[in-house]
Structure formats: structure tokens, C-alpha cells
Protein chains: 2
Amino acid sequence: MSNFIRVFAPATISNVGPGFDLMGFAIDQPGDIIRMAKNKDNFIHIFNETDCCLPEDPEENVSSVGIQALLDQLKVQQGFDLIFEQKINPGSGIGSSAASAAAAVFGANALLGSPLNINQLLPAVLKGEFVASKSLHADNAAPALLGGFILIRDYHPIDLISLPYPADLICVVIHPDIEIKTSESRKLIPKEIKLETALEQCGNIAGLVTGLTTSNYELIGRSIKDVFAEPYRSATIPGYAELKEELLCMGAIGAGISGSGPSIFAFCRDSGMAGKIAEKMESIYSEKNIQSKVYISKISSSGTRVL
Amino acid sequence: MSNFIRVFAPATISNVGPGFDLMGFAIDQPGDIIRMAKNKDNFIHIFNETDCCLPEDPEENVSSVGIQALLDQLKVQQGFDLIFEQKINPGSGIGSSAASAAAAVFGANALLGSPLNINQLLPAVLKGEFVASKSLHADNAAPALLGGFILIRDYHPIDLISLPYPADLICVVIHPDIEIKTSESRKLIPKEIKLETALEQCGNIAGLVTGLTTSNYELIGRSIKDVFAEPYRSATIPGYAELKEELLCMGAIGAGISGSGPSIFAFCRDSGMAGKIAEKMESIYSEKNIQSKVYISKISSSGTRVL
């Protein structure tokens, strides 16, 4: 087994209020862990040691599609064995597909002797993630790969900006056990909007970025408001409005839907408050007889890496 | 004349690329200068020593409407004499109406013993400016009053954020002698837009704010792109596309329409380049037999003030 490497890719919170499709950040845990090695038969074999279901068809699997995109980009042929040791729950809204694609592409590149640098891996990761999300958006893939808090300023071509952020910002995420598919959730969002709605989102994303770069927590809080997706997606998450209101009353800096949901994130500054937020999140879903997992993490400056 | 005060309000560059209706900054010059004093007849009298035309009907004049809004807010009656010594050209796109309203309201408040602080004057200034622009937007009024580089994060209620910016940023503005009325120019802009267009603007305003707060000049430059207003307004300014392209080729950091035009601004970092940009601007309009005025200024941290 000495030719195997173990690769970790973190979960990510995307959208972050007004950053719909444009912003995301990595957290410390959970994440995907894949053991990987080259093989000799030119096929990508995927083995699953986790409890999660992974698509068996290679054309439906974000990892194999991502690796194939990398191989096409490099114009080489190579087979790999991938063993999933740990997997973020699919459909959780914390970048499960992005983490699998990022880990697989990063690992394959490493096993090939790192012909590409980490930034150059993003196109292959996006092609992998596309299989699951049916849309090209980098707000999970970019932070999963690179770590930190990422702004995708432009998609044509992709322009990633690594945002400064306050080091003491703590993120609490709850994943209630309801599956929402990004590809379905996306269909809820209108393709045409009012100019004044767009201006509201522009004001808030500019406010959020200013708050992050200047460590202005109140500004971060009042800027975490999404008028593009949240009005349509919130109805798909039982208890969302109630939970958000409670968290803000308790003193959370801000709260919102993570990705397309059902996960919900909140920001706070101290670990005592983070614990209280986590308890409140769990108790609200427990009352609804919905199982959940809660994660408390700082924003992680590390992205995908060999363990 | 000892009971007269002299009030200066600066010109302002609003929109600033992707900051349509949400961003603006003050420049050192030009500006409005009004001599003001209280009178005893409870009317607002406006005298004009400048070459510019000012509306004689008090209900059409931004200064008198602004002062009346202040008096209504304070629930007091008072007449004033206003003598315009210096006036930014109306319809220039560098905040002429905002400057007149800001100077008048600021001066009236000062003459009343400053019952309100400067932030509290904004509603009255906006009511004044509304007379000219027929829309409530604060991206000229707020920086004219407060100085600096202002983000209007929200309009309901108004939330002004004073943005950090690199101290060495120089703004060159040309005002070609073509009058464009904001109220007319605004009608060109569609009220419904595609979501993807909105996301492009969101990415760019977030990029611009990040560039400003982190002194990343390249990021400022590539973020100064407006997909809401510029595609419709640029056709109303002869030579705009050509001039913008030339300025960027010369090495300007970024360039765009100031407000609703016809003024055009460009950013650069050194005074040598600013001089070259100014020459290029003038020569392009001179070739078209259009008279113009050019101003070179840093972003001014000072807003409206008693001289």
C-alpha cells in the first residue's frame, strides 16, 4: 500500500448570503478522505468504505469525471484506484460533490508528479462537480481546493479572489437530515429579476466583502442577506425561518442557507456562543424529529491536501 | 455681510463601474460655492453670480427644496438668502444637483446653530436632489456631503459605509460639453434583468470593494465594469467607447461613465500618467469639435464644509 496517498478535501459553505454563486469558504471539518493510487489498467476504479451512496456509473461520479477531465487536459492516459474512507453526505449543501471532485483531481495530479499547480486544477474539478450539480459554479469547488474565503469575481474567464477575513470568525453549521439536490433547488430560482432586487444583492455583497476585509462584524451581519435564492429555497428547509430568527436573537453575527441547503450556517465570534448556537440548532430539529449533525469550525485557510 | 457664511460642496463621481446607484466618491474640485445668510421674510431667495442656469421656480430648485425639507424635519420656519458664487455645470454627471443640495442644506443647518449632525442631513439633501434626478439615489449626495468613497449598502433604511481606498489613487475626469439629464438617462435602463447579468455586477462590485480595501490596483481595474447602465448609456456619449479603450491601453487602472454621463472618469496612480490621460481625453473631444473641461484630483476625504 505504500504507493497509496490519502487526500483530504474540506466541506465548504457557499453563497454566504448575498454571495450566491460567487462566494464560499472552507471549514476544518467534515471533509472527504480518499486513498488513491495509480493502477495499470487505465480505468478509474472507485471503492467505497463509507456509509454514503456513491454513483457506480463512472460517468455519473464526480471523482472519475474530474480525473478524466484532468487526464484530457494533460493529454495522458492513466488508471487510478480510489478508496473513499470518509465522505460528506451528498445533498447536504456543504459542498459534498466539490470535495469529492477536488480530492480526486488533486490526488491524481499528485500521483502524476504534480504537472499542474493547484490553481490549474480548478477546471477539472468544476467538470467533475458539474455531473452532480448540472451547473458550472465554483463557489464550493474553489474554496474546497484552495481553502480560505473565495470570491469568484468573474466566470469568463474564472477570476478567483482570496478574501481577507477576521481570524476569530467561527462558523456553526447544521446539516438536518433532509436531502436537497442542487440541480433541483436551482430550478426554483427565477432567471429574470428586477433591477432593484439586483441592486439590493449588490449592496449586500459589497457590504459583506467590506465587513470581511475590515473585520467589521456588524457590517458582516447585516450584509448576510440573500434576495436571489433564499426567498425560493427557504421554503424547502423545514424550520429555516424560525431557526434563523432564533439564532440572530441569540446574538449570532449572521445566518443563512449553506449552498442550496438544507444545511444552515451561522457566524459568531466566541466558542461559548458557538456551543449555544449548536445546541439551539440541534434542539429545533430534534423537536421536529429530524436527525441532524452540527459542525463548529473556524474558516479554514487550508484546502485540499495530502494527509 | 458678516452674517454670511460660504459653503463648499464637492463634485462627485457616482456609480464607479459596477457600483450603479450604490457607490460614489468626492473629488477636490470642481464644486459648488454658496454664500448664505438667514433673512427675515421666511422665503428662500436664490441669487446667481455664476454662468450656469439655475431654475428660478423654488419648487424646481434643488437648494430650496433641500432647505425646505430640512426646515420641515426641524419643524422650524426660517428664510435664507443664497448666492451661488460657483456652480458645477448642471447635467455634467459629476453630481451638480447633489452638490447644490448638499451645500444649501449644510449651510442652512449651520446657520441654524447645527441642530443636526452631518449624517442627519442626508434625507433633506436627497429630497432636494430628487427634484432634478426624479429618483432617490444617494451615490452623489452621500459622498458630496460626507466626502470619501461611500457605499450605500442599503436604501431601506439608508446604510452608508465609508470605504477605505488607496491614498495614491488619482481620478481624471473629463466633462465634454453635452448635456444629459439623469432623469432621461435613467429611462434607458431596463427594469428587469437576467440573473446572470446581476451576478456579473455582484462579482464586480465585490471585486472593486476588495481592490479598494486591500489596495489591489489590478483588481480595482478589472472590476470597473458596469453591465447594468453602461451598455445603454454609453451610446449617448459620443466617443465614449473609443476614449475608454485608449485610456486603458495607455495604462489607466480603469475608466467608466461618471454618473449618468457625459463625464468620463479614469483612475491612475501617478501624476505623470494623470497628465497624459487628461491630454488624451481633451484631444479626442477636441477632434470632435466638442468643448470639454478636465479635472485631476485625488479622492477627497472632505465633503461639504464651511470655507
# chains A, B, ... in the order shown; residues from 1 in each chain; ligands from 1
call {"tool": "interface_residues", "arguments": {"of": "chain A", "to": "chain B", "cutoff": "7 Å", "atoms": "only C-alpha atoms", "output": "PyMOL selection string"}}
result
chain A and resi 22+152-154+191-195+198+200+202-207+209-210+213
call {"tool": "residues_around", "arguments": {"residues": "Arg35 in chain A", "least_positions_apart": "4", "cutoff": "6 Å", "atoms": "only C-alpha atoms", "output": "list of chain:residue names"}}
result
A:Ile5, A:Arg6, A:Leu82, A:Ile83
call {"tool": "closest_residue", "arguments": {"among": "A:Ile174, A:Val65, A:Ile27, A:Leu243", "to": "Val131 in chain A", "atoms": "only C-alpha atoms"}}
result
A:Val65
call {"tool": "select_by_dssp", "arguments": {"residues": "range 87-187 of chain B", "states": "strand (DSSP E)", "output": "ChimeraX atom specification"}}
result
/B:149-155,158-163,170-176
call {"tool": "closest_residue", "arguments": {"among": "A:Pro157, A:Gly31, A:Gly239, A:Pro262", "to": "Ser96 in chain A", "atoms": "only C-alpha atoms"}}
result
A:Gly31
call {"tool": "residues_around", "arguments": {"residues": "range 105-108 of chain B", "least_positions_apart": "3", "cutoff": "10 Å", "atoms": "only C-alpha atoms", "output": "number ranges by chain"}}
result
B: 4-9, 34-38, 62-71, 78-82, 99-102, 111-114, 116-118, 121-125, 128, 145, 304-306
call {"tool": "residues_around", "arguments": {"residues": "Glu242 in chain B", "least_positions_apart": "3", "cutoff": "12 Å", "atoms": "only C-alpha atoms", "output": "JSON, numbers by chain"}}
result
{"B": [234, 235, 237, 238, 239, 245, 246, 247, 248, 249, 255, 256, 264, 280, 281, 284, 285]}
call {"tool": "write_last_selection", "arguments": {"atoms": "N, CA and C atoms", "output": "PDB file, in the first residue's frame"}}
result
ATOM      1  N   SER B 234     -23.781  54.285 -22.755  1.00  0.00           N
ATOM      2  CA  SER B 234     -22.556  54.625 -23.495  1.00  0.00           C
ATOM      3  C   SER B 234     -22.890  55.207 -24.863  1.00  0.00           C
ATOM      4  N   ALA B 235     -24.004  54.746 -25.463  1.00  0.00           N
ATOM      5  CA  ALA B 235     -24.368  55.234 -26.798  1.00  0.00           C
ATOM      6  C   ALA B 235     -24.738  56.711 -26.768  1.00  0.00           C
ATOM      7  N   ILE B 237     -23.082  58.995 -25.274  1.00  0.00           N
ATOM      8  CA  ILE B 237     -21.873  59.819 -25.133  1.00  0.00           C
ATOM      9  C   ILE B 237     -20.974  59.601 -26.350  1.00  0.00           C
ATOM     10  N   PRO B 238     -20.938  60.560 -27.264  1.00  0.00           N
ATOM     11  CA  PRO B 238     -20.114  60.374 -28.454  1.00  0.00           C
ATOM     12  C   PRO B 238     -18.657  60.120 -28.070  1.00  0.00           C
ATOM     13  N   GLY B 239     -18.040  59.136 -28.690  1.00  0.00           N
ATOM     14  CA  GLY B 239     -16.609  58.886 -28.469  1.00  0.00           C
ATOM     15  C   GLY B 239     -16.293  58.100 -27.216  1.00  0.00           C
ATOM     16  N   GLU B 245     -11.211  52.787 -24.443  1.00  0.00           N
ATOM     17  CA  GLU B 245     -10.216  51.825 -24.922  1.00  0.00           C
ATOM     18  C   GLU B 245      -8.820  52.459 -24.937  1.00  0.00           C
ATOM     19  N   GLU B 246      -8.750  53.683 -25.418  1.00  0.00           N
ATOM     20  CA  GLU B 246      -7.452  54.371 -25.477  1.00  0.00           C
ATOM     21  C   GLU B 246      -6.855  54.555 -24.078  1.00  0.00           C
ATOM     22  N   LEU B 247      -7.701  54.936 -23.138  1.00  0.00           N
ATOM     23  CA  LEU B 247      -7.208  55.196 -21.778  1.00  0.00           C
ATOM     24  C   LEU B 247      -6.664  53.913 -21.151  1.00  0.00           C
ATOM     25  N   LEU B 248      -7.382  52.807 -21.360  1.00  0.00           N
ATOM     26  CA  LEU B 248      -6.924  51.540 -20.782  1.00  0.00           C
ATOM     27  C   LEU B 248      -5.627  51.086 -21.451  1.00  0.00           C
ATOM     28  N   CYS B 249      -5.539  51.313 -22.778  1.00  0.00           N
ATOM     29  CA  CYS B 249      -4.294  50.983 -23.495  1.00  0.00           C
ATOM     30  C   CYS B 249      -3.118  51.797 -22.950  1.00  0.00           C
ATOM     31  N   ALA B 255     -11.637  52.816 -16.177  1.00  0.00           N
ATOM     32  CA  ALA B 255     -12.346  54.001 -16.652  1.00  0.00           C
ATOM     33  C   ALA B 255     -13.813  53.676 -16.809  1.00  0.00           C
ATOM     34  N   GLY B 256     -14.652  54.689 -16.702  1.00  0.00           N
ATOM     35  CA  GLY B 256     -16.088  54.453 -16.840  1.00  0.00           C
ATOM     36  C   GLY B 256     -16.837  55.765 -16.962  1.00  0.00           C
ATOM     37  N   ILE B 264     -16.664  61.425 -18.011  1.00  0.00           N
ATOM     38  CA  ILE B 264     -15.986  60.127 -18.030  1.00  0.00           C
ATOM     39  C   ILE B 264     -14.827  60.235 -17.046  1.00  0.00           C
ATOM     40  N   LYS B 280      -5.080  63.170 -23.463  1.00  0.00           N
ATOM     41  CA  LYS B 280      -5.748  62.271 -24.407  1.00  0.00           C
ATOM     42  C   LYS B 280      -7.248  62.532 -24.418  1.00  0.00           C
ATOM     43  N   MET B 281      -7.818  62.710 -23.237  1.00  0.00           N
ATOM     44  CA  MET B 281      -9.259  62.986 -23.132  1.00  0.00           C
ATOM     45  C   MET B 281      -9.609  64.247 -23.910  1.00  0.00           C
ATOM     46  N   ILE B 284      -9.246  63.920 -27.821  1.00  0.00           N
ATOM     47  CA  ILE B 284     -10.300  63.151 -28.501  1.00  0.00           C
ATOM     48  C   ILE B 284     -11.556  64.005 -28.683  1.00  0.00           C
ATOM     49  N   TYR B 285     -11.915  64.805 -27.674  1.00  0.00           N
ATOM     50  CA  TYR B 285     -13.109  65.643 -27.824  1.00  0.00           C
ATOM     51  C   TYR B 285     -12.848  66.869 -28.687  1.00  0.00           C
TER      52      TYR B 285
END
call {"tool": "residues_around", "arguments": {"residues": "Asp270 in chain B", "least_positions_apart": "4", "cutoff": "9 Å", "atoms": "only C-alpha atoms", "output": "tab-separated table (two decimals) with N, CA, C and O atoms, in the first residue's frame"}}
result
chain	number	residue	atom	x	y	z
B	168	ASP	N	-3.14	56.91	-2.90
B	168	ASP	CA	-2.49	57.45	-4.10
B	168	ASP	C	-3.33	57.33	-5.37
B	168	ASP	O	-2.84	57.62	-6.46
B	169	LEU	N	-4.57	56.94	-5.23
B	169	LEU	CA	-5.43	56.82	-6.41
B	169	LEU	C	-5.78	58.22	-6.93
B	169	LEU	O	-6.26	59.06	-6.18
B	170	ILE	N	-5.50	58.45	-8.20
B	170	ILE	CA	-5.82	59.75	-8.80
B	170	ILE	C	-6.96	59.57	-9.80
B	170	ILE	O	-6.98	58.60	-10.55
B	274	ALA	N	-1.57	60.87	-15.03
B	274	ALA	CA	-2.81	61.66	-14.96
B	274	ALA	C	-2.79	62.77	-16.02
B	274	ALA	O	-3.78	63.01	-16.71
B	275	GLY	N	-1.63	63.41	-16.17
B	275	GLY	CA	-1.49	64.46	-17.17
B	275	GLY	C	-1.69	63.93	-18.58
B	275	GLY	O	-2.38	64.54	-19.41
call {"tool": "select_by_dssp", "arguments": {"residues": "range 39-212 of chain B", "states": "helix (DSSP H, G or I)", "output": "VMD selection string"}}
result
chain B and resid 58 to 60 62 to 74 96 to 111 118 to 133 141 to 146 182 to 187 195 to 212
call {"tool": "atom_distance", "arguments": {"atom1": "CA of Gln29 in chain A", "atom2": "CA of Gln86 in chain A"}}
result
11.2 Å
call {"tool": "residues_around", "arguments": {"residues": "Ser185 in chain A", "least_positions_apart": "5", "cutoff": "12 Å", "atoms": "only C-alpha atoms", "output": "ChimeraX atom specification"}}
result
/A:91,93,133-135,179-180,190,229-237,259-262
call {"tool": "write_last_selection", "arguments": {"atoms": "N, CA and C atoms", "output": "PDB file, in the first residue's frame"}}
result
ATOM      1  N   GLY A  91     -25.852  15.852  -1.043  1.00  0.00           N
ATOM      2  CA  GLY A  91     -27.103  16.613  -0.909  1.00  0.00           C
ATOM      3  C   GLY A  91     -27.208  17.370   0.397  1.00  0.00           C
ATOM      4  N   GLY A  93     -25.528  20.248   1.099  1.00  0.00           N
ATOM      5  CA  GLY A  93     -25.384  21.695   0.924  1.00  0.00           C
ATOM      6  C   GLY A  93     -24.095  22.248   1.492  1.00  0.00           C
ATOM      7  N   SER A 133     -24.182  18.761 -10.000  1.00  0.00           N
ATOM      8  CA  SER A 133     -24.966  19.981  -9.798  1.00  0.00           C
ATOM      9  C   SER A 133     -25.642  20.451 -11.076  1.00  0.00           C
ATOM     10  N   LYS A 134     -25.180  19.944 -12.232  1.00  0.00           N
ATOM     11  CA  LYS A 134     -25.716  20.334 -13.552  1.00  0.00           C
ATOM     12  C   LYS A 134     -25.576  21.826 -13.824  1.00  0.00           C
ATOM     13  N   SER A 135     -24.704  22.473 -13.085  1.00  0.00           N
ATOM     14  CA  SER A 135     -24.433  23.877 -13.401  1.00  0.00           C
ATOM     15  C   SER A 135     -22.985  24.147 -13.042  1.00  0.00           C
ATOM     16  N   GLU A 179     -32.571  15.549   2.229  1.00  0.00           N
ATOM     17  CA  GLU A 179     -31.708  15.704   1.054  1.00  0.00           C
ATOM     18  C   GLU A 179     -32.334  16.694   0.062  1.00  0.00           C
ATOM     19  N   ILE A 180     -31.520  17.653  -0.357  1.00  0.00           N
ATOM     20  CA  ILE A 180     -31.944  18.601  -1.396  1.00  0.00           C
ATOM     21  C   ILE A 180     -30.917  18.518  -2.512  1.00  0.00           C
ATOM     22  N   PRO A 190     -35.722  32.185 -10.185  1.00  0.00           N
ATOM     23  CA  PRO A 190     -36.095  32.813 -11.458  1.00  0.00           C
ATOM     24  C   PRO A 190     -34.862  33.248 -12.249  1.00  0.00           C
ATOM     25  N   ALA A 229     -31.706  33.783  -3.969  1.00  0.00           N
ATOM     26  CA  ALA A 229     -32.032  32.360  -3.802  1.00  0.00           C
ATOM     27  C   ALA A 229     -32.844  32.078  -2.542  1.00  0.00           C
ATOM     28  N   GLU A 230     -32.492  32.729  -1.446  1.00  0.00           N
ATOM     29  CA  GLU A 230     -33.133  32.390  -0.172  1.00  0.00           C
ATOM     30  C   GLU A 230     -34.662  32.475  -0.191  1.00  0.00           C
ATOM     31  N   PRO A 231     -35.245  33.513  -0.824  1.00  0.00           N
ATOM     32  CA  PRO A 231     -36.711  33.576  -0.809  1.00  0.00           C
ATOM     33  C   PRO A 231     -37.359  32.326  -1.423  1.00  0.00           C
ATOM     34  N   TYR A 232     -36.668  31.664  -2.344  1.00  0.00           N
ATOM     35  CA  TYR A 232     -37.233  30.482  -3.007  1.00  0.00           C
ATOM     36  C   TYR A 232     -36.816  29.201  -2.309  1.00  0.00           C
ATOM     37  N   ARG A 233     -35.582  29.186  -1.794  1.00  0.00           N
ATOM     38  CA  ARG A 233     -35.066  27.953  -1.213  1.00  0.00           C
ATOM     39  C   ARG A 233     -35.489  27.751   0.235  1.00  0.00           C
ATOM     40  N   SER A 234     -35.767  28.845   0.931  1.00  0.00           N
ATOM     41  CA  SER A 234     -36.036  28.703   2.368  1.00  0.00           C
ATOM     42  C   SER A 234     -37.248  27.807   2.610  1.00  0.00           C
ATOM     43  N   ALA A 235     -38.216  27.853   1.697  1.00  0.00           N
ATOM     44  CA  ALA A 235     -39.425  27.041   1.882  1.00  0.00           C
ATOM     45  C   ALA A 235     -39.123  25.543   1.796  1.00  0.00           C
ATOM     46  N   THR A 236     -37.994  25.176   1.185  1.00  0.00           N
ATOM     47  CA  THR A 236     -37.668  23.747   1.049  1.00  0.00           C
ATOM     48  C   THR A 236     -36.992  23.199   2.315  1.00  0.00           C
ATOM     49  N   ILE A 237     -36.681  24.069   3.270  1.00  0.00           N
ATOM     50  CA  ILE A 237     -36.000  23.643   4.501  1.00  0.00           C
ATOM     51  C   ILE A 237     -36.933  23.850   5.689  1.00  0.00           C
ATOM     52  N   GLY A 259     -25.079  26.811   0.706  1.00  0.00           N
ATOM     53  CA  GLY A 259     -25.303  26.294  -0.644  1.00  0.00           C
ATOM     54  C   GLY A 259     -26.781  26.291  -0.962  1.00  0.00           C
ATOM     55  N   SER A 260     -27.263  25.175  -1.496  1.00  0.00           N
ATOM     56  CA  SER A 260     -28.692  25.092  -1.810  1.00  0.00           C
ATOM     57  C   SER A 260     -29.463  24.447  -0.665  1.00  0.00           C
ATOM     58  N   GLY A 261     -28.819  24.334   0.491  1.00  0.00           N
ATOM     59  CA  GLY A 261     -29.458  23.734   1.659  1.00  0.00           C
ATOM     60  C   GLY A 261     -29.372  22.216   1.579  1.00  0.00           C
ATOM     61  N   PRO A 262     -29.892  21.529   2.585  1.00  0.00           N
ATOM     62  CA  PRO A 262     -30.621  22.024   3.750  1.00  0.00           C
ATOM     63  C   PRO A 262     -29.720  22.537   4.869  1.00  0.00           C
TER      64      PRO A 262
END
call {"tool": "closest_residue", "arguments": {"among": "B:Asn15, B:Gln120, B:Asn289, B:Ser97", "to": "Lys181 in chain B", "atoms": "only C-alpha atoms"}}
result
B:Ser97
call {"tool": "atom_distance", "arguments": {"atom1": "CA of Cys268 in chain A", "atom2": "CA of Lys244 in chain A"}}
result
13.2 Å
call {"tool": "atom_distance", "arguments": {"atom1": "CA of Thr12 in chain B", "atom2": "CA of Thr50 in chain B"}}
result
19.6 Å
call {"tool": "residues_around", "arguments": {"residues": "Ile290 in chain A", "least_positions_apart": "3", "cutoff": "7 Å", "atoms": "only C-alpha atoms", "output": "list in words"}}
result
Pro176, Asp177, Tyr285 and Ser286 of chain A
call {"tool": "write_last_selection", "arguments": {"atoms": "N, CA, C and O atoms", "output": "PDB file, in the first residue's frame"}}
result
ATOM      1  N   PRO A 176     -29.367  19.224   8.720  1.00  0.00           N
ATOM      2  CA  PRO A 176     -30.535  18.415   9.056  1.00  0.00           C
ATOM      3  C   PRO A 176     -30.680  17.318   7.993  1.00  0.00           C
ATOM      4  O   PRO A 176     -30.358  17.543   6.823  1.00  0.00           O
ATOM      5  N   ASP A 177     -31.143  16.171   8.403  1.00  0.00           N
ATOM      6  CA  ASP A 177     -31.150  15.018   7.505  1.00  0.00           C
ATOM      7  C   ASP A 177     -32.318  15.060   6.514  1.00  0.00           C
ATOM      8  O   ASP A 177     -33.279  14.303   6.607  1.00  0.00           O
ATOM      9  N   TYR A 285     -34.278  21.018  15.472  1.00  0.00           N
ATOM     10  CA  TYR A 285     -34.537  19.885  14.565  1.00  0.00           C
ATOM     11  C   TYR A 285     -34.946  18.630  15.328  1.00  0.00           C
ATOM     12  O   TYR A 285     -35.736  17.827  14.812  1.00  0.00           O
ATOM     13  N   SER A 286     -34.403  18.486  16.522  1.00  0.00           N
ATOM     14  CA  SER A 286     -34.800  17.341  17.333  1.00  0.00           C
ATOM     15  C   SER A 286     -36.296  17.398  17.653  1.00  0.00           C
ATOM     16  O   SER A 286     -37.013  16.402  17.590  1.00  0.00           O
TER      17      SER A 286
END
